[in-house]
Amino acid sequence: MSELRKDPVSKRWVIFSEERGNRPNQYDKENEEEHNSTEDISKCPFCEGKEKKSGDEILAYEKIHNREPNSPGWWVRVLENKFPALTSKGATLKKGVGIYDKMSGNGRHEIIVETPKHYDNLPDLGENEIEKVIYAYRDRYTDIAKDNNIKYILIFKNFGRDAGASLEHSHSQLIATPVIPKKVETELHGAKDYYRFRDRCVFCDIITQELADNERIIEENELFISFVYYAGRFPYEIWILPKQHSAKFELINKKEVKDLASILKNTLQRVKKLLGNPHYNFVIHTLPIKENDTFYFHWHIEIMPKLTKVAGFEWGTGFYINPVLPEVGAKYLRECKID
Ligand SMILES: [Zn+2]
Ligand SMILES: [Zn+2]
């Protein structure tokens, strides 16, 4: 089982997971051998027909009535990660060791297999298929949130090896942690400060400003907006937000799921087309599970294409050097023709 240790200087928690070091990497093999896709696909545990290889499903949206669990005929499947960073093992054990703090690696680590088809990635799927992926995010979130040992649930996607993916087949992940992550805490503090000072949600104000400036917007529909973030750390760093104030992702309704699927698909298609299918990460930031003060925070998705490397200066300072002005990046993305 893994272990969490707290850095007494930065107050950051680190997960130590030896199991993670043992996981196979499909992409490493590609480096050594000639890329042989037929062979790759035959080994893929996420493909339809390989359900028995992937371990028991936690959730599946079924295409056929009365389908046997772990058999073909599904839209989306959720599985336990075979090499989990955190696992669910009863109550979280906390311990002090001299000046240090540690706790047991109690949490969840799940894989959301977004499609039965090996070569379709998220933006290639139909909007109705992407909707099912979003419903799977929501349903797993709501279920795990009932566990009192869990403080935060991060839903995220790594696409491509530069973004940390070890398997090619389109999937997202969910990691539930026994503490609130530092990055999330920083955002919560910033938003809380802004709210105390102006009595308004900072994200709602950002949306108003973006709509007024109309320089960084990429896509907009009735309920969502996507834009290149004003102070983005990375080139083409994109944020997607619901236009109506909403702190908790898990409360997303049917109409919002529809509009989110549409804006996510179009935005990712633009990124894929303009930037040549770059590797990317996206994360969903939402209010921590047990937090009920919903006025100051606004859930959102941050998309980070991997076009630059985080290097010494960034590690040493927390400063980022972004070579693409958001206004310029947004213009290219907007003008890029998609089907
Ligand atoms: Zn596959
Ligand atoms: Zn808001």
# chains A, B, ... in the order shown; residues from 1 in each chain; ligands from 1
call {"tool": "closest_atom_pairs", "arguments": {"of": "region 287-339 of chain A", "to": "region 213-226 of chain A", "cutoff": "8 Å", "atoms": "only C-alpha atoms", "output": "tab-separated table"}}
result
residue	atom	partner	partner_atom	distance
A:Pro326	CA	A:Arg216	CA	6.3
A:Glu327	CA	A:Arg216	CA	5.1
A:Gly329	CA	A:Arg216	CA	7.9
A:Ala330	CA	A:Arg216	CA	5.0
A:Lys331	CA	A:Arg216	CA	7.2
A:Leu333	CA	A:Ile218	CA	6.3
A:Arg334	CA	A:Ile218	CA	5.1
call {"tool": "closest_atom_pairs", "arguments": {"of": "chain A", "to": "ligand 1", "cutoff": "10 Å", "atoms": "only C-alpha atoms and all ligand atoms", "output": "tab-separated table"}}
result
residue	atom	partner	partner_atom_place_in_ligand_line	distance
A:Asp40	CA	ligand 1	1 (Zn)	8.2
A:Ile41	CA	ligand 1	1 (Zn)	5.5
A:Ser42	CA	ligand 1	1 (Zn)	7.9
A:Lys43	CA	ligand 1	1 (Zn)	7.8
A:Cys44	CA	ligand 1	1 (Zn)	4.5
A:Pro45	CA	ligand 1	1 (Zn)	6.4
A:Phe46	CA	ligand 1	1 (Zn)	4.8
A:Cys47	CA	ligand 1	1 (Zn)	3.7
A:Glu48	CA	ligand 1	1 (Zn)	7.3
A:Gly49	CA	ligand 1	1 (Zn)	9.6
A:Lys50	CA	ligand 1	1 (Zn)	8.6
A:Val113	CA	ligand 1	1 (Zn)	9.3
A:Thr115	CA	ligand 1	1 (Zn)	8.8
A:Pro116	CA	ligand 1	1 (Zn)	7.1
A:Lys117	CA	ligand 1	1 (Zn)	6.4
A:His118	CA	ligand 1	1 (Zn)	3.8
A:Tyr119	CA	ligand 1	1 (Zn)	7.2
A:Asp120	CA	ligand 1	1 (Zn)	9.3
A:Leu167	CA	ligand 1	1 (Zn)	8.4
A:Glu168	CA	ligand 1	1 (Zn)	7.1
A:His169	CA	ligand 1	1 (Zn)	4.6
A:Ser170	CA	ligand 1	1 (Zn)	7.7
A:His171	CA	ligand 1	1 (Zn)	9.8
call {"tool": "select_by_dssp", "arguments": {"residues": "region 156-277 of chain A", "states": "helix (DSSP H, G or I)", "output": "PyMOL selection string"}}
result
chain A and resi 161-163+182-198+202-213+249-251+254-275
call {"tool": "residues_near_ligand", "arguments": {"ligand": "ligand 2", "cutoff": "12 Å", "atoms": "only C-alpha atoms and all ligand atoms", "output": "number ranges by chain"}}
result
A: 191-192, 194-195, 199-208, 241-248, 286-287, 294-300
call {"tool": "atom_distance", "arguments": {"atom1": "CA of Leu264 (chain A)", "atom2": "CA of Lys337 (chain A)"}}
result
15.7 Å
call {"tool": "residues_around", "arguments": {"residues": "Gly105 (chain A)", "least_positions_apart": "2", "cutoff": "7 Å", "atoms": "only C-alpha atoms", "output": "NGL selection string"}}
result
:A and (1-4 or 86-87 or 103 or 107)
call {"tool": "select_by_dssp", "arguments": {"residues": "region 125-228 of chain A", "states": "strand (DSSP E or B)", "output": "list in words"}}
result
Tyr152, Ile153, Leu154, Ile155, Phe156, Lys157, Asn158, Phe159, His171, Ser172, Gln173, Leu174, Ile175, Ala176, Thr177, Ile217, Ile218, Glu219, Glu220, Phe224, Ile225, Ser226, Phe227 and Val228 of chain A
call {"tool": "write_last_selection", "arguments": {"atoms": "C-alpha atoms", "output": "CSV table (one decimal), in the first residue's frame"}}
result
chain,number,residue,atom,x,y,z
A,152,TYR,CA,-11.0,15.5,-2.8
A,153,ILE,CA,-11.7,13.8,-6.1
A,154,LEU,CA,-9.7,14.8,-9.2
A,155,ILE,CA,-10.9,13.8,-12.6
A,156,PHE,CA,-8.3,14.2,-15.3
A,157,LYS,CA,-7.1,13.0,-18.7
A,158,ASN,CA,-3.6,12.3,-19.9
A,159,PHE,CA,-3.4,12.1,-23.7
A,171,HIS,CA,-9.3,6.9,-21.3
A,172,SER,CA,-9.5,9.4,-18.4
A,173,GLN,CA,-8.7,8.8,-14.7
A,174,LEU,CA,-10.0,9.6,-11.3
A,175,ILE,CA,-7.9,9.8,-8.2
A,176,ALA,CA,-9.6,10.4,-4.8
A,177,THR,CA,-7.3,11.6,-2.1
A,217,ILE,CA,-12.8,33.2,-26.6
A,218,ILE,CA,-12.6,30.0,-28.7
A,219,GLU,CA,-16.0,28.5,-28.4
A,220,GLU,CA,-19.3,29.5,-26.7
A,224,PHE,CA,-20.5,27.0,-21.5
A,225,ILE,CA,-17.6,29.1,-22.6
A,226,SER,CA,-14.1,28.1,-23.6
A,227,PHE,CA,-11.2,30.5,-23.9
A,228,VAL,CA,-7.4,30.7,-23.8
call {"tool": "residues_around", "arguments": {"residues": "Arg20 (chain A)", "least_positions_apart": "6", "cutoff": "10 Å", "atoms": "only C-alpha atoms", "output": "number ranges by chain"}}
result
A: 2, 81-86
call {"tool": "residues_around", "arguments": {"residues": "region 312-323 of chain A", "least_positions_apart": "5", "cutoff": "8 Å", "atoms": "only C-alpha atoms", "output": "list in words"}}
result
Gly232, Arg233, Phe234 and Pro235 of chain A
call {"tool": "write_last_selection", "arguments": {"atoms": "N, CA and C atoms", "output": "PDB file, in the first residue's frame"}}
result
ATOM      1  N   GLY A 232      -2.465  32.221 -18.654  1.00  0.00           N
ATOM      2  CA  GLY A 232      -2.158  30.795 -18.782  1.00  0.00           C
ATOM      3  C   GLY A 232      -0.667  30.527 -18.633  1.00  0.00           C
ATOM      4  N   ARG A 233      -0.338  29.448 -17.956  1.00  0.00           N
ATOM      5  CA  ARG A 233       1.065  29.085 -17.743  1.00  0.00           C
ATOM      6  C   ARG A 233       1.698  28.516 -19.003  1.00  0.00           C
ATOM      7  N   PHE A 234       0.851  27.840 -19.815  1.00  0.00           N
ATOM      8  CA  PHE A 234       1.363  27.114 -20.973  1.00  0.00           C
ATOM      9  C   PHE A 234       0.752  27.673 -22.257  1.00  0.00           C
ATOM     10  N   PRO A 235       1.449  27.525 -23.398  1.00  0.00           N
ATOM     11  CA  PRO A 235       0.855  27.980 -24.648  1.00  0.00           C
ATOM     12  C   PRO A 235      -0.471  27.252 -24.901  1.00  0.00           C
TER      13      PRO A 235
END
call {"tool": "closest_residue", "arguments": {"among": "A:Gly73, A:Pro178, A:Gly90, A:Pro288", "to": "Val14 (chain A)", "atoms": "only C-alpha atoms"}}
result
A:Pro178
call {"tool": "residues_around", "arguments": {"residues": "Arg270 (chain A)", "least_positions_apart": "4", "cutoff": "7 Å", "atoms": "only C-alpha atoms", "output": "compact mmCIF listing (two decimals) with C-alpha atoms, in the first residue's frame"}}
result
# COMPACT_ATOMS: atom_id res chain seq x y z
CA ASN A 266 -15.13 21.32 -30.57
CA LEU A 274 -4.25 23.47 -35.28
CA LEU A 333 -7.86 28.36 -32.61
CA CYS A 336 -9.09 26.89 -37.46
CA ILE A 338 -13.26 22.00 -37.96
